[in-house]
Amino acid sequence: MPTVAPYGTWKSPIEADLITQKSIQLVDIIPDPITGELFHVEGRPSEGGRNVIVRSRTNEDIFGPGWNARSGVH
């Protein structure tokens, strides 16, 4: 039998952490001016907020898990 609670006081099984850890944020789109190939930058909360450059056509990461596109030196 379901539990009845007053409006706004019920306990939800869905928490903010559950939603944000499963999401991927599209940060930027990068076209290659020579080949016309598209890349995009994904923000991945599930990997500590790491930014990854991804080949859009194949959905392939350009570099490995130890690297973060956000932490480059200019």
# chains A, B, ... in the order shown; residues from 1 in each chain; ligands from 1
>>> residues_around(residues="Glu42 of chain A", least_positions_apart="4", cutoff="10 Å", atoms="only C-alpha atoms", output="list in words")
Ile24, Gln25, Leu26, Val27, Asp28, Ile29, Gly49, Arg50, Asn51, Val52, Ile53, Val54, Asp61 and Ala69 of chain A
>>> select_by_dssp(residues="chain A", states="strand (DSSP E or B)", output="short mmCIF file (atom, residue, chain, number, x, y, z; two decimals) with N, CA and C atoms, in the first residue's frame")
data_model
loop_
_atom_site.label_atom_id
_atom_site.label_comp_id
_atom_site.auth_asym_id
_atom_site.auth_seq_id
_atom_site.Cartn_x
_atom_site.Cartn_y
_atom_site.Cartn_z
N GLN A 25 27.32 17.57 -20.78
CA GLN A 25 27.09 18.94 -21.19
C GLN A 25 27.86 19.22 -22.49
N LEU A 26 27.18 19.75 -23.49
CA LEU A 26 27.84 20.16 -24.72
C LEU A 26 28.41 21.55 -24.50
N VAL A 27 29.75 21.65 -24.48
CA VAL A 27 30.43 22.89 -24.13
C VAL A 27 30.74 23.73 -25.37
N ASP A 28 31.19 23.08 -26.45
CA ASP A 28 31.62 23.82 -27.63
C ASP A 28 31.57 22.91 -28.86
N ILE A 29 31.47 23.51 -30.04
CA ILE A 29 31.55 22.78 -31.30
C ILE A 29 32.74 23.34 -32.06
N ILE A 30 33.60 22.45 -32.57
CA ILE A 30 34.83 22.87 -33.23
C ILE A 30 34.89 22.26 -34.63
N PRO A 31 34.73 23.06 -35.69
CA PRO A 31 34.90 22.54 -37.04
C PRO A 31 36.38 22.59 -37.45
N LEU A 38 33.75 17.68 -37.84
CA LEU A 38 33.29 18.35 -36.63
C LEU A 38 33.75 17.62 -35.37
N PHE A 39 34.13 18.41 -34.39
CA PHE A 39 34.47 17.92 -33.05
C PHE A 39 33.60 18.70 -32.08
N HIS A 40 33.39 18.15 -30.91
CA HIS A 40 32.69 18.89 -29.87
C HIS A 40 33.36 18.63 -28.53
N VAL A 41 33.16 19.55 -27.61
CA VAL A 41 33.71 19.41 -26.26
C VAL A 41 32.55 19.05 -25.34
N GLU A 42 32.73 17.95 -24.60
CA GLU A 42 31.73 17.49 -23.65
C GLU A 42 32.22 17.73 -22.24
N GLY A 43 31.35 18.27 -21.39
CA GLY A 43 31.62 18.33 -19.95
C GLY A 43 31.01 17.10 -19.32
N ARG A 44 31.79 16.35 -18.57
CA ARG A 44 31.32 15.09 -17.99
C ARG A 44 31.39 15.12 -16.47
N ARG A 50 35.46 16.68 -15.95
CA ARG A 50 36.45 16.68 -17.02
C ARG A 50 35.81 17.11 -18.34
N ASN A 51 36.54 17.90 -19.14
CA ASN A 51 36.12 18.26 -20.48
C ASN A 51 36.86 17.40 -21.48
N VAL A 52 36.13 16.86 -22.45
CA VAL A 52 36.70 15.92 -23.41
C VAL A 52 36.41 16.40 -24.83
N ILE A 53 37.42 16.38 -25.70
CA ILE A 53 37.20 16.67 -27.11
C ILE A 53 36.79 15.36 -27.78
N VAL A 54 35.67 15.40 -28.50
CA VAL A 54 35.08 14.20 -29.09
C VAL A 54 34.93 14.39 -30.60
N ARG A 55 35.30 13.39 -31.39
CA ARG A 55 35.04 13.39 -32.83
C ARG A 55 33.55 13.12 -32.99
N GLU A 60 33.98 9.40 -30.75
CA GLU A 60 35.24 8.88 -30.21
C GLU A 60 35.99 9.98 -29.46
N ASP A 61 36.45 9.69 -28.25
CA ASP A 61 37.27 10.64 -27.50
C ASP A 61 38.60 10.80 -28.22
#
>>> select_by_dssp(residues="chain A", states="helix (DSSP H, G or I)", output="PyMOL selection string")
chain A and resi 16-21+45-47+69-71
>>> write_last_selection(atoms="N, CA, C and O atoms", output="short mmCIF file (atom, residue, chain, number, x, y, z; two decimals), in the first residue's frame")
data_model
loop_
_atom_site.label_atom_id
_atom_site.label_comp_id
_atom_site.auth_asym_id
_atom_site.auth_seq_id
_atom_site.Cartn_x
_atom_site.Cartn_y
_atom_site.Cartn_z
N ALA A 16 19.12 15.15 -7.06
CA ALA A 16 19.87 15.98 -8.01
C ALA A 16 21.17 15.30 -8.44
O ALA A 16 21.54 15.36 -9.61
N ASP A 17 21.87 14.65 -7.52
CA ASP A 17 23.13 13.98 -7.87
C ASP A 17 22.91 12.89 -8.90
O ASP A 17 23.73 12.70 -9.81
N LEU A 18 21.83 12.16 -8.78
CA LEU A 18 21.52 11.09 -9.72
C LEU A 18 21.35 11.65 -11.13
O LEU A 18 21.86 11.10 -12.10
N ILE A 19 20.67 12.77 -11.25
CA ILE A 19 20.43 13.38 -12.55
C ILE A 19 21.70 13.99 -13.14
O ILE A 19 22.03 13.77 -14.29
N THR A 20 22.44 14.75 -12.36
CA THR A 20 23.61 15.44 -12.89
C THR A 20 24.76 14.50 -13.20
O THR A 20 25.54 14.76 -14.12
N GLN A 21 24.92 13.42 -12.48
CA GLN A 21 26.01 12.49 -12.74
C GLN A 21 25.83 11.74 -14.05
O GLN A 21 26.78 11.29 -14.65
N PRO A 45 30.26 15.43 -15.82
CA PRO A 45 30.23 15.45 -14.35
C PRO A 45 30.61 14.10 -13.74
O PRO A 45 31.20 14.06 -12.67
N SER A 46 30.27 13.01 -14.42
CA SER A 46 30.57 11.68 -13.88
C SER A 46 32.06 11.39 -13.84
O SER A 46 32.50 10.46 -13.18
N GLU A 47 32.86 12.22 -14.54
CA GLU A 47 34.32 12.05 -14.54
C GLU A 47 34.99 13.24 -13.86
O GLU A 47 36.04 13.71 -14.27
N ALA A 69 40.57 18.57 -21.39
CA ALA A 69 40.71 19.65 -22.39
C ALA A 69 40.64 21.03 -21.75
O ALA A 69 41.08 22.01 -22.33
N ARG A 70 40.11 21.12 -20.56
CA ARG A 70 39.99 22.40 -19.86
C ARG A 70 41.30 22.84 -19.23
O ARG A 70 41.51 24.00 -18.97
N SER A 71 42.23 21.93 -19.00
CA SER A 71 43.43 22.27 -18.22
C SER A 71 44.69 22.44 -19.07
O SER A 71 45.78 22.24 -18.60
#
>>> atom_distance(atom1="atom CA of Ile34 of chain A", atom2="atom CA of Ile62 of chain A")
17.4 Å
>>> atom_distance(atom1="atom CA of Ser23 of chain A", atom2="atom CA of Ser56 of chain A")
17.1 Å
>>> atom_distance(atom1="atom CA of Arg57 of chain A", atom2="atom CA of Gly36 of chain A")
11.3 Å
